[in-house]
$ cat protein-v8.pdb   # PDB, C-alpha atoms
ATOM      1  CA  MET A   1     122.287  35.504  36.790
ATOM      2  CA  VAL A   2     123.063  38.693  34.908
ATOM      3  CA  GLU A   3     124.893  38.276  31.619
ATOM      4  CA  TRP A   4     127.530  40.915  30.932
ATOM      5  CA  THR A   5     129.150  41.426  27.550
ATOM      6  CA  GLU A   6     132.881  42.090  27.379
ATOM      7  CA  PHE A   7     132.114  45.667  26.413
ATOM      8  CA  GLU A   8     129.862  46.153  29.446
ATOM      9  CA  ARG A   9     132.434  44.719  31.869
ATOM     10  CA  ALA A  10     135.233  46.790  30.408
ATOM     11  CA  THR A  11     133.100  49.942  30.405
ATOM     12  CA  ILE A  12     132.124  49.617  34.065
ATOM     13  CA  GLN A  13     135.688  48.868  35.175
ATOM     14  CA  ASP A  14     136.983  51.744  33.088
ATOM     15  CA  ILE A  15     134.509  54.320  34.397
ATOM     16  CA  PHE A  16     135.032  53.430  38.052
ATOM     17  CA  SER A  17     138.807  53.046  37.855
ATOM     18  CA  LYS A  18     139.078  56.654  36.655
ATOM     19  CA  MET A  19     136.427  58.053  38.978
ATOM     20  CA  ASP A  20     136.954  60.469  41.838
ATOM     21  CA  TYR A  21     134.586  58.718  44.242
ATOM     22  CA  GLU A  22     134.485  61.563  46.749
ATOM     23  CA  SER A  23     133.701  64.236  44.197
ATOM     24  CA  VAL A  24     131.223  62.225  42.131
ATOM     25  CA  GLY A  25     129.500  60.897  45.257
ATOM     26  CA  HIS A  26     129.169  64.413  46.676
ATOM     27  CA  ASN A  27     127.843  65.825  43.442
ATOM     28  CA  ALA A  28     125.381  63.000  42.817
ATOM     29  CA  LEU A  29     123.885  63.107  46.299
ATOM     30  CA  THR A  30     123.724  66.924  46.263
ATOM     31  CA  ARG A  31     121.975  66.831  42.899
ATOM     32  CA  CYS A  32     119.491  64.219  44.166
ATOM     33  CA  LEU A  33     118.609  66.285  47.260
ATOM     34  CA  VAL A  34     118.116  69.424  45.118
ATOM     35  CA  VAL A  35     116.301  67.926  42.127
ATOM     36  CA  TYR A  36     114.115  65.561  44.180
ATOM     37  CA  PRO A  37     113.719  67.456  47.478
ATOM     38  CA  TRP A  38     111.476  64.801  49.042
ATOM     39  CA  THR A  39     114.582  62.612  49.306
ATOM     40  CA  GLN A  40     115.699  64.950  52.087
ATOM     41  CA  ARG A  41     113.326  63.032  54.349
ATOM     42  CA  TYR A  42     116.113  60.543  55.020
ATOM     43  CA  PHE A  43     118.589  63.170  56.125
ATOM     44  CA  GLY A  44     116.840  64.899  59.000
ATOM     45  CA  LYS A  45     120.047  64.747  61.046
ATOM     46  CA  PHE A  46     122.183  66.442  58.420
ATOM     47  CA  GLY A  47     121.385  69.977  59.533
ATOM     48  CA  ASN A  48     121.162  72.740  56.957
ATOM     49  CA  LEU A  49     119.535  71.538  53.700
ATOM     50  CA  TYR A  50     117.531  74.717  53.117
ATOM     51  CA  ASN A  51     118.693  75.523  49.618
ATOM     52  CA  ALA A  52     120.980  74.253  46.879
ATOM     53  CA  ALA A  53     123.994  76.187  48.156
ATOM     54  CA  ALA A  54     123.516  74.884  51.703
ATOM     55  CA  ILE A  55     123.192  71.308  50.452
ATOM     56  CA  ALA A  56     126.264  71.595  48.232
ATOM     57  CA  GLY A  57     128.285  73.048  51.105
ATOM     58  CA  ASN A  58     127.083  70.600  53.740
ATOM     59  CA  PRO A  59     130.000  68.380  54.847
ATOM     60  CA  LEU A  60     127.667  65.572  55.989
ATOM     61  CA  VAL A  61     126.200  65.389  52.476
ATOM     62  CA  ALA A  62     129.693  65.240  50.993
ATOM     63  CA  ALA A  63     130.744  62.493  53.389
ATOM     64  CA  HIS A  64     127.623  60.467  52.762
ATOM     65  CA  GLY A  65     127.949  60.809  48.995
ATOM     66  CA  ALA A  66     131.365  59.211  49.300
ATOM     67  CA  VAL A  67     129.937  56.394  51.468
ATOM     68  CA  VAL A  68     127.349  55.603  48.801
ATOM     69  CA  LEU A  69     129.903  55.558  45.981
ATOM     70  CA  HIS A  70     132.274  53.338  47.927
ATOM     71  CA  GLY A  71     129.279  51.061  48.507
ATOM     72  CA  LEU A  72     128.835  50.877  44.719
ATOM     73  CA  ASP A  73     132.409  49.711  44.501
ATOM     74  CA  LYS A  74     131.344  46.324  45.929
ATOM     75  CA  ALA A  75     129.253  45.762  42.820
ATOM     76  CA  VAL A  76     132.076  46.898  40.533
ATOM     77  CA  LYS A  77     134.340  44.282  42.090
ATOM     78  CA  ASN A  78     131.705  41.512  42.127
ATOM     79  CA  MET A  79     129.823  41.980  38.898
ATOM     80  CA  ASP A  80     128.923  38.306  38.641
ATOM     81  CA  ASN A  81     127.428  38.155  42.079
ATOM     82  CA  ILE A  82     125.807  41.502  42.795
ATOM     83  CA  LYS A  83     122.634  40.027  44.274
ATOM     84  CA  ALA A  84     124.460  38.143  47.028
ATOM     85  CA  THR A  85     126.957  40.950  47.548
ATOM     86  CA  TYR A  86     124.158  43.365  48.446
ATOM     87  CA  ALA A  87     121.976  41.069  50.565
ATOM     88  CA  GLU A  88     123.023  42.684  53.836
ATOM     89  CA  LEU A  89     122.829  46.234  52.467
ATOM     90  CA  SER A  90     119.366  45.456  51.149
ATOM     91  CA  VAL A  91     118.192  44.375  54.590
ATOM     92  CA  LEU A  92     119.776  47.519  56.051
ATOM     93  CA  HIS A  93     118.002  49.849  53.617
ATOM     94  CA  SER A  94     114.680  48.109  54.185
ATOM     95  CA  GLU A  95     114.599  47.272  57.904
ATOM     96  CA  LYS A  96     116.722  49.999  59.418
ATOM     97  CA  LEU A  97     116.820  52.946  57.017
ATOM     98  CA  HIS A  98     113.285  52.431  55.612
ATOM     99  CA  VAL A  99     114.218  53.884  52.236
ATOM    100  CA  ASP A 100     111.526  53.748  49.537
ATOM    101  CA  PRO A 101     113.285  51.811  46.728
ATOM    102  CA  ASP A 102     112.112  54.338  44.154
ATOM    103  CA  ASN A 103     114.745  56.636  45.640
ATOM    104  CA  PHE A 104     117.487  54.290  44.416
ATOM    105  CA  ARG A 105     116.359  55.039  40.865
ATOM    106  CA  LEU A 106     116.356  58.796  41.524
ATOM    107  CA  LEU A 107     119.910  58.700  42.895
ATOM    108  CA  ALA A 108     120.992  56.425  40.044
ATOM    109  CA  ASP A 109     119.646  58.948  37.506
ATOM    110  CA  CYS A 110     121.558  61.748  39.216
ATOM    111  CA  LEU A 111     124.717  59.638  39.216
ATOM    112  CA  THR A 112     124.271  58.979  35.489
ATOM    113  CA  ILE A 113     123.934  62.697  34.852
ATOM    114  CA  VAL A 114     127.025  63.577  36.923
ATOM    115  CA  VAL A 115     129.103  60.933  35.110
ATOM    116  CA  ALA A 116     127.744  62.161  31.746
ATOM    117  CA  GLY A 117     128.856  65.681  32.646
ATOM    118  CA  ARG A 118     132.340  64.451  33.530
ATOM    119  CA  LEU A 119     132.872  62.191  30.510
ATOM    120  CA  GLY A 120     131.303  64.493  27.913
ATOM    121  CA  ASN A 121     131.524  62.924  24.474
ATOM    122  CA  GLY A 122     133.105  59.860  26.035
ATOM    123  CA  PHE A 123     129.672  59.055  27.446
ATOM    124  CA  THR A 124     128.430  57.481  24.236
ATOM    125  CA  ALA A 125     125.033  55.799  23.916
ATOM    126  CA  ASP A 126     126.626  52.358  24.377
ATOM    127  CA  VAL A 127     128.500  53.519  27.471
ATOM    128  CA  GLN A 128     125.282  55.005  28.848
ATOM    129  CA  ALA A 129     123.443  51.738  28.205
ATOM    130  CA  ALA A 130     126.130  49.746  30.045
ATOM    131  CA  PHE A 131     126.233  52.192  32.951
ATOM    132  CA  GLN A 132     122.455  52.280  33.355
ATOM    133  CA  LYS A 133     122.255  48.477  33.120
ATOM    134  CA  PHE A 134     124.848  48.207  35.888
ATOM    135  CA  LEU A 135     122.918  50.618  38.108
ATOM    136  CA  ALA A 136     119.647  48.777  37.368
ATOM    137  CA  VAL A 137     121.220  45.511  38.541
ATOM    138  CA  VAL A 138     122.470  47.201  41.730
ATOM    139  CA  ILE A 139     119.017  48.671  42.369
ATOM    140  CA  SER A 140     117.392  45.286  41.848
ATOM    141  CA  ALA A 141     119.808  43.697  44.353
ATOM    142  CA  LEU A 142     119.233  46.468  46.883
ATOM    143  CA  THR A 143     115.483  46.014  46.568
ATOM    144  CA  LYS A 144     115.630  42.214  46.793
ATOM    145  CA  GLN A 145     115.285  41.833  50.551
ATOM    146  CA  TYR A 146     112.360  44.214  50.924
ATOM    147  CA  HIS A 147     109.161  42.530  52.045
TER     148      HIS A 147
ATOM    149  CA  MET B   1     104.763  70.155  40.734
ATOM    150  CA  SER B   2     103.888  73.243  38.755
ATOM    151  CA  LEU B   3     106.390  75.701  37.382
ATOM    152  CA  THR B   4     107.277  78.667  39.561
ATOM    153  CA  ALA B   5     108.287  82.026  38.101
ATOM    154  CA  LYS B   6     111.851  81.079  38.982
ATOM    155  CA  ASP B   7     111.619  77.785  37.075
ATOM    156  CA  MET B   8     110.351  79.649  34.013
ATOM    157  CA  SER B   9     113.149  82.204  34.063
ATOM    158  CA  VAL B  10     115.789  79.500  34.696
ATOM    159  CA  VAL B  11     114.554  77.447  31.724
ATOM    160  CA  LYS B  12     114.445  80.503  29.451
ATOM    161  CA  ALA B  13     117.957  81.480  30.513
ATOM    162  CA  LEU B  14     119.192  77.940  29.851
ATOM    163  CA  TRP B  15     117.611  78.000  26.395
ATOM    164  CA  GLY B  16     119.459  81.215  25.663
ATOM    165  CA  LYS B  17     122.706  79.363  26.329
ATOM    166  CA  ILE B  18     121.917  76.135  24.471
ATOM    167  CA  SER B  19     119.853  77.419  21.531
ATOM    168  CA  SER B  20     122.716  77.004  19.062
ATOM    169  CA  LYS B  21     122.925  73.284  19.889
ATOM    170  CA  VAL B  22     119.249  72.495  20.270
ATOM    171  CA  ASP B  23     119.059  70.425  17.058
ATOM    172  CA  GLU B  24     122.141  68.443  18.104
ATOM    173  CA  ILE B  25     120.670  67.813  21.556
ATOM    174  CA  GLY B  26     117.454  66.536  20.001
ATOM    175  CA  ALA B  27     119.201  64.191  17.589
ATOM    176  CA  GLU B  28     121.573  62.897  20.250
ATOM    177  CA  ALA B  29     118.822  62.405  22.859
ATOM    178  CA  LEU B  30     116.559  60.544  20.451
ATOM    179  CA  GLY B  31     119.383  58.369  19.115
ATOM    180  CA  ARG B  32     120.523  57.591  22.614
ATOM    181  CA  MET B  33     116.999  56.703  23.718
ATOM    182  CA  LEU B  34     116.672  54.137  20.931
ATOM    183  CA  VAL B  35     119.924  52.468  22.058
ATOM    184  CA  VAL B  36     119.562  52.655  25.835
ATOM    185  CA  TYR B  37     115.812  51.890  25.909
ATOM    186  CA  PRO B  38     115.349  49.522  22.959
ATOM    187  CA  GLN B  39     111.625  49.104  23.623
ATOM    188  CA  THR B  40     111.169  52.660  22.280
ATOM    189  CA  LYS B  41     112.149  51.403  18.831
ATOM    190  CA  THR B  42     108.681  49.905  18.542
ATOM    191  CA  TYR B  43     107.365  53.341  17.595
ATOM    192  CA  PHE B  44     109.705  53.629  14.636
ATOM    193  CA  SER B  45     109.262  50.348  12.804
ATOM    194  CA  HIS B  46     108.549  52.377   9.670
ATOM    195  CA  TRP B  47     112.083  53.839   9.624
ATOM    196  CA  SER B  48     114.863  52.175   7.683
ATOM    197  CA  ASP B  49     117.718  53.333   9.914
ATOM    198  CA  LEU B  50     117.400  53.573  13.684
ATOM    199  CA  SER B  51     121.100  53.964  14.410
ATOM    200  CA  PRO B  52     122.293  57.103  16.209
ATOM    201  CA  GLY B  53     123.316  59.714  13.678
ATOM    202  CA  SER B  54     121.059  58.399  10.929
ATOM    203  CA  ALA B  55     119.329  61.002   8.805
ATOM    204  CA  GLN B  56     115.907  59.928  10.054
ATOM    205  CA  VAL B  57     116.963  60.142  13.709
ATOM    206  CA  LYS B  58     118.575  63.547  13.197
ATOM    207  CA  LYS B  59     115.549  64.952  11.417
ATOM    208  CA  HIS B  60     113.109  63.704  14.007
ATOM    209  CA  GLY B  61     115.277  64.844  16.917
ATOM    210  CA  LYS B  62     115.249  68.309  15.367
ATOM    211  CA  THR B  63     111.464  68.210  14.985
ATOM    212  CA  ILE B  64     110.996  67.256  18.627
ATOM    213  CA  MET B  65     113.371  69.888  19.982
ATOM    214  CA  GLY B  66     111.762  72.494  17.731
ATOM    215  CA  ALA B  67     108.511  71.798  19.524
ATOM    216  CA  VAL B  68     110.236  71.879  22.926
ATOM    217  CA  SER B  69     111.857  75.229  22.077
ATOM    218  CA  ASP B  70     108.464  76.558  21.032
ATOM    219  CA  ALA B  71     107.058  75.433  24.372
ATOM    220  CA  VAL B  72     109.866  77.338  26.151
ATOM    221  CA  SER B  73     108.790  80.517  24.352
ATOM    222  CA  LYS B  74     105.218  79.909  25.501
ATOM    223  CA  ILE B  75     106.146  78.663  28.950
ATOM    224  CA  ASP B  76     103.501  80.843  30.617
ATOM    225  CA  ASP B  77     100.702  78.750  29.161
ATOM    226  CA  LEU B  78     101.881  75.257  28.319
ATOM    227  CA  PRO B  79      98.433  73.617  28.048
ATOM    228  CA  ALA B  80      97.432  76.064  25.301
ATOM    229  CA  ALA B  81     100.823  75.826  23.613
ATOM    230  CA  LEU B  82     100.648  72.014  23.466
ATOM    231  CA  SER B  83      96.971  71.554  22.725
ATOM    232  CA  GLN B  84      97.389  70.537  19.079
ATOM    233  CA  LEU B  85     100.391  68.323  19.737
ATOM    234  CA  SER B  86      98.416  66.655  22.491
ATOM    235  CA  GLU B  87      95.674  65.792  20.014
ATOM    236  CA  LEU B  88      98.275  64.416  17.621
ATOM    237  CA  HIS B  89      99.849  62.211  20.294
ATOM    238  CA  ALA B  90      96.495  61.104  21.715
ATOM    239  CA  TYR B  91      94.606  60.201  18.575
ATOM    240  CA  LYS B  92      97.237  59.479  15.984
ATOM    241  CA  LEU B  93     100.619  58.623  17.506
ATOM    242  CA  ARG B  94      99.377  57.081  20.757
ATOM    243  CA  VAL B  95     102.821  57.014  22.330
ATOM    244  CA  ASP B  96     102.620  55.573  25.833
ATOM    245  CA  PRO B  97     103.229  58.574  28.127
ATOM    246  CA  ALA B  98     105.851  56.622  30.101
ATOM    247  CA  ASN B  99     108.115  57.241  27.129
ATOM    248  CA  PHE B 100     107.967  61.018  27.591
ATOM    249  CA  LYS B 101     109.850  60.494  30.851
ATOM    250  CA  ILE B 102     112.416  58.345  29.109
ATOM    251  CA  LEU B 103     113.045  60.940  26.401
ATOM    252  CA  ALA B 104     113.168  63.710  29.016
ATOM    253  CA  HIS B 105     115.882  61.791  30.888
ATOM    254  CA  ASN B 106     117.947  61.548  27.721
ATOM    255  CA  ILE B 107     117.491  65.234  26.901
ATOM    256  CA  ILE B 108     118.803  65.958  30.398
ATOM    257  CA  VAL B 109     121.770  63.575  30.025
ATOM    258  CA  VAL B 110     122.799  65.162  26.713
ATOM    259  CA  THR B 111     122.389  68.699  28.074
ATOM    260  CA  ALA B 112     124.622  67.713  31.022
ATOM    261  CA  MET B 113     127.204  66.281  28.599
ATOM    262  CA  LEU B 114     127.320  69.335  26.367
ATOM    263  CA  PHE B 115     126.966  72.041  29.015
ATOM    264  CA  PRO B 116     128.455  70.603  32.225
ATOM    265  CA  ALA B 117     129.275  73.982  33.765
ATOM    266  CA  ASP B 118     125.837  75.465  33.110
ATOM    267  CA  PHE B 119     123.835  72.421  34.139
ATOM    268  CA  THR B 120     123.944  73.029  37.890
ATOM    269  CA  PRO B 121     121.547  71.210  40.237
ATOM    270  CA  GLU B 122     119.280  74.302  40.313
ATOM    271  CA  VAL B 123     119.082  74.398  36.526
ATOM    272  CA  HIS B 124     118.563  70.625  36.485
ATOM    273  CA  VAL B 125     115.536  70.753  38.794
ATOM    274  CA  SER B 126     113.847  73.498  36.754
ATOM    275  CA  LEU B 127     114.455  71.688  33.464
ATOM    276  CA  ASP B 128     113.226  68.417  34.968
ATOM    277  CA  LYS B 129     110.029  70.132  36.159
ATOM    278  CA  PHE B 130     109.551  71.835  32.792
ATOM    279  CA  LEU B 131     109.867  68.579  30.861
ATOM    280  CA  GLN B 132     107.516  66.881  33.313
ATOM    281  CA  ASN B 133     104.930  69.629  32.818
ATOM    282  CA  LEU B 134     105.414  69.437  29.075
ATOM    283  CA  ALA B 135     104.805  65.670  29.178
ATOM    284  CA  TRP B 136     101.715  66.164  31.283
ATOM    285  CA  CYS B 137     100.275  68.664  28.794
ATOM    286  CA  LEU B 138     101.183  66.353  25.911
ATOM    287  CA  ALA B 139      99.169  63.540  27.492
ATOM    288  CA  GLU B 140      96.260  65.851  28.312
ATOM    289  CA  LYS B 141      93.926  64.606  25.569
ATOM    290  CA  TYR B 142      94.734  60.907  25.969
ATOM    291  CA  ARG B 143      91.606  60.104  27.960
TER     292      ARG B 143
END

$ encode --input "protein-v8.pdb" --output "structure tokens"
Amino acid sequence: MVEWTEFERATIQDIFSKMDYESVGHNALTRCLVVYPWTQRYFGKFGNLYNAAAIAGNPLVAAHGAVVLHGLDKAVKNMDNIKATYAELSVLHSEKLHVDPDNFRLLADCLTIVVAGRLGNGFTADVQAAFQKFLAVVISALTKQYH
Amino acid sequence: MSLTAKDMSVVKALWGKISSKVDEIGAEALGRMLVVYPQTKTYFSHWSDLSPGSAQVKKHGKTIMGAVSDAVSKIDDLPAALSQLSELHAYKLRVDPANFKILAHNIIVVTAMLFPADFTPEVHVSLDKFLQNLAWCLAEKYR
């Protein structure tokens, strides 16, 4: 089981309670599709992803970014049981969506960068460490059911 | 994933905007790396103070970013620009190249924190590619 310090718990709750899920989700997914263009392979049905402006303006990308962030919310609310909480989603990503788990890390990095941009100096080294640890635990849970 | 002409001009333009804070970015990125990725501390066992903001961290962050800035000015030929530093890292420092990626990530995080409006996804991808190329050239002489 993952051990969380009081600081880590408080930091994660604080960041997500103040977050605009729609906006952050949209920005993080957009950034991922632009910075790591091979991730576009999973979004063949999203239409126009030809350049950064098209991606940023694509309503399907915005909607899906929000879906992903709301999915993260499950982990925020179940920090002591993330592995079990994501068992079904892990099977989904492996068996149905066929997402290479390395992509979780790429999206997580983009999310970190978007949150850093929003929090500015509030994103201290300790906050970054807590946030990245949280995302690493989520990624591990999402990868768990792959075989 | 080699640098296009567009990547080069984007990185140079970004450097124009951030040059006044380059030392701060270096210090902050290095300090952050030592906290968020504690295994990187193994390379600095000879320092007395590894906390963010320590004099040693600040000085070394400045040294690193000085070299990165120099690489930006010579972005047309990175292998030549980094040849000596590659020898240093290969034969003397022997830093595992995986750590270049870690430091690059932290440079990007700090740049995003300090320049949120300028650090658009397009700028991000060019900087990411530049740092990746820089790391590749730095590891050139390793084996």

$ closest_atom_pairs --input "protein-v8.pdb" --of "region 24-123 of chain A" --to "region 130-134 of chain A" --cutoff "10 Å" --atoms "all atoms listed in the file" --output "tab-separated table"
residue	atom	partner	partner_atom	distance
A:Ala75	CA	A:Phe134	CA	8.6
A:Val76	CA	A:Phe134	CA	8.7
A:Met79	CA	A:Phe134	CA	8.5
A:Ile82	CA	A:Phe134	CA	9.7
A:Ala108	CA	A:Gln132	CA	8.0
A:Asp109	CA	A:Gln132	CA	8.3
A:Leu111	CA	A:Gln132	CA	9.7
A:Thr112	CA	A:Gln132	CA	7.3
A:Val115	CA	A:Phe131	CA	9.5
A:Phe123	CA	A:Phe131	CA	9.4

$ closest_residue --input "protein-v8.pdb" --among "B:Leu127, B:Ile75, B:Leu114, B:Ala139" --to "Leu88 (chain B)" --atoms "only C-alpha atoms"
B:Ala139

$ resolve_selection --input "protein-v8.pdb" --expression "the PyMOL selection byres ((chain A) within 7 of (chain B))" --output "JSON, numbers by chain"
{"A": [31, 34, 35, 52, 113, 116, 117, 120, 121, 125, 128, 129]}

$ closest_residue --input "protein-v8.pdb" --among "B:Ala5, B:Cys137, B:Val95, B:Leu50" --to "Val68 (chain B)" --atoms "only C-alpha atoms"
B:Cys137

$ atom_distance --input "protein-v8.pdb" --atom1 "CA of Ala62 (chain A)" --atom2 "CA of Glu88 (chain A)"
23.7 Å

$ resolve_selection --input "protein-v8.pdb" --expression "the PyMOL selection byres ((chain B and resi 61-64) around 10)" --output "list in words"
Val22, Asp23, Glu24, Ile25, Gly26, Ala27, Glu28, Ala29, Leu30, Gly31, Ala55, Gln56, Val57, Lys58, Lys59, His60, Met65, Gly66, Ala67, Val68, Ser69 and Asp70 of chain B

$ atom_distance --input "protein-v8.pdb" --atom1 "CA of Leu78 (chain B)" --atom2 "CA of Phe100 (chain B)"
15.5 Å

$ atom_distance --input "protein-v8.pdb" --atom1 "CA of Ala66 (chain A)" --atom2 "CA of Tyr21 (chain A)"
6.0 Å

$ resolve_selection --input "protein-v8.pdb" --expression "the PyMOL selection byres ((chain A and resi 140-145) around 9)" --output "ChimeraX atom specification"
/A:82-91,93-94,101,104,135-139,146-147

$ residues_around --input "protein-v8.pdb" --residues "Gln84 (chain B)" --least-positions-apart "5" --cutoff "10 Å" --atoms "only C-alpha atoms" --output "number ranges by chain"
B: 79, 89-90, 138, 141

$ residues_near_point --input "protein-v8.pdb" --point "(112.3, 64.5, 45.5)" --cutoff "12 Å" --atoms "all atoms listed in the file" --output "ChimeraX atom specification"
/A:29-42,100,102-107,110 /B:1,125,128-129

$ build_atoms --input "protein-v8.pdb" --residues "region 5-25 of chain B" --atoms "N, CA and C atoms" --output "PDB file, in the coordinates of the input"
ATOM      1  N   ALA B   5     107.718  80.974  38.952  1.00  0.00           N
ATOM      2  CA  ALA B   5     108.287  82.026  38.101  1.00  0.00           C
ATOM      3  C   ALA B   5     109.791  81.810  37.944  1.00  0.00           C
ATOM      4  N   LYS B   6     110.406  81.316  39.028  1.00  0.00           N
ATOM      5  CA  LYS B   6     111.851  81.079  38.982  1.00  0.00           C
ATOM      6  C   LYS B   6     112.182  79.964  37.983  1.00  0.00           C
ATOM      7  N   ASP B   7     111.385  78.890  38.022  1.00  0.00           N
ATOM      8  CA  ASP B   7     111.619  77.785  37.075  1.00  0.00           C
ATOM      9  C   ASP B   7     111.569  78.322  35.648  1.00  0.00           C
ATOM     10  N   MET B   8     110.539  79.137  35.373  1.00  0.00           N
ATOM     11  CA  MET B   8     110.351  79.649  34.013  1.00  0.00           C
ATOM     12  C   MET B   8     111.546  80.486  33.579  1.00  0.00           C
ATOM     13  N   SER B   9     112.027  81.346  34.483  1.00  0.00           N
ATOM     14  CA  SER B   9     113.149  82.204  34.063  1.00  0.00           C
ATOM     15  C   SER B   9     114.432  81.379  33.932  1.00  0.00           C
ATOM     16  N   VAL B  10     114.595  80.357  34.791  1.00  0.00           N
ATOM     17  CA  VAL B  10     115.789  79.500  34.696  1.00  0.00           C
ATOM     18  C   VAL B  10     115.801  78.749  33.365  1.00  0.00           C
ATOM     19  N   VAL B  11     114.630  78.204  32.979  1.00  0.00           N
ATOM     20  CA  VAL B  11     114.554  77.447  31.724  1.00  0.00           C
ATOM     21  C   VAL B  11     114.810  78.365  30.522  1.00  0.00           C
ATOM     22  N   LYS B  12     114.231  79.557  30.571  1.00  0.00           N
ATOM     23  CA  LYS B  12     114.445  80.503  29.451  1.00  0.00           C
ATOM     24  C   LYS B  12     115.917  80.872  29.355  1.00  0.00           C
ATOM     25  N   ALA B  13     116.539  81.114  30.521  1.00  0.00           N
ATOM     26  CA  ALA B  13     117.957  81.480  30.513  1.00  0.00           C
ATOM     27  C   ALA B  13     118.801  80.325  29.957  1.00  0.00           C
ATOM     28  N   LEU B  14     118.462  79.116  30.360  1.00  0.00           N
ATOM     29  CA  LEU B  14     119.192  77.940  29.851  1.00  0.00           C
ATOM     30  C   LEU B  14     119.049  77.857  28.331  1.00  0.00           C
ATOM     31  N   TRP B  15     117.837  78.077  27.843  1.00  0.00           N
ATOM     32  CA  TRP B  15     117.611  78.000  26.395  1.00  0.00           C
ATOM     33  C   TRP B  15     118.435  79.029  25.648  1.00  0.00           C
ATOM     34  N   GLY B  16     118.602  80.197  26.273  1.00  0.00           N
ATOM     35  CA  GLY B  16     119.459  81.215  25.663  1.00  0.00           C
ATOM     36  C   GLY B  16     120.860  80.671  25.448  1.00  0.00           C
ATOM     37  N   LYS B  17     121.341  79.883  26.419  1.00  0.00           N
ATOM     38  CA  LYS B  17     122.706  79.363  26.329  1.00  0.00           C
ATOM     39  C   LYS B  17     122.824  78.196  25.349  1.00  0.00           C
ATOM     40  N   ILE B  18     121.770  77.376  25.254  1.00  0.00           N
ATOM     41  CA  ILE B  18     121.917  76.135  24.471  1.00  0.00           C
ATOM     42  C   ILE B  18     121.279  76.210  23.098  1.00  0.00           C
ATOM     43  N   SER B  19     120.667  77.353  22.761  1.00  0.00           N
ATOM     44  CA  SER B  19     119.853  77.419  21.531  1.00  0.00           C
ATOM     45  C   SER B  19     120.639  77.033  20.275  1.00  0.00           C
ATOM     46  N   SER B  20     121.947  77.330  20.267  1.00  0.00           N
ATOM     47  CA  SER B  20     122.716  77.004  19.062  1.00  0.00           C
ATOM     48  C   SER B  20     122.872  75.496  18.888  1.00  0.00           C
ATOM     49  N   LYS B  21     122.703  74.730  19.980  1.00  0.00           N
ATOM     50  CA  LYS B  21     122.925  73.284  19.889  1.00  0.00           C
ATOM     51  C   LYS B  21     121.641  72.479  20.046  1.00  0.00           C
ATOM     52  N   VAL B  22     120.518  73.156  19.984  1.00  0.00           N
ATOM     53  CA  VAL B  22     119.249  72.495  20.270  1.00  0.00           C
ATOM     54  C   VAL B  22     118.982  71.325  19.312  1.00  0.00           C
ATOM     55  N   ASP B  23     119.279  71.511  18.027  1.00  0.00           N
ATOM     56  CA  ASP B  23     119.059  70.425  17.058  1.00  0.00           C
ATOM     57  C   ASP B  23     119.922  69.218  17.396  1.00  0.00           C
ATOM     58  N   GLU B  24     121.192  69.516  17.768  1.00  0.00           N
ATOM     59  CA  GLU B  24     122.141  68.443  18.104  1.00  0.00           C
ATOM     60  C   GLU B  24     121.657  67.692  19.344  1.00  0.00           C
ATOM     61  N   ILE B  25     121.163  68.438  20.327  1.00  0.00           N
ATOM     62  CA  ILE B  25     120.670  67.813  21.556  1.00  0.00           C
ATOM     63  C   ILE B  25     119.516  66.874  21.221  1.00  0.00           C
TER      64      ILE B  25
END
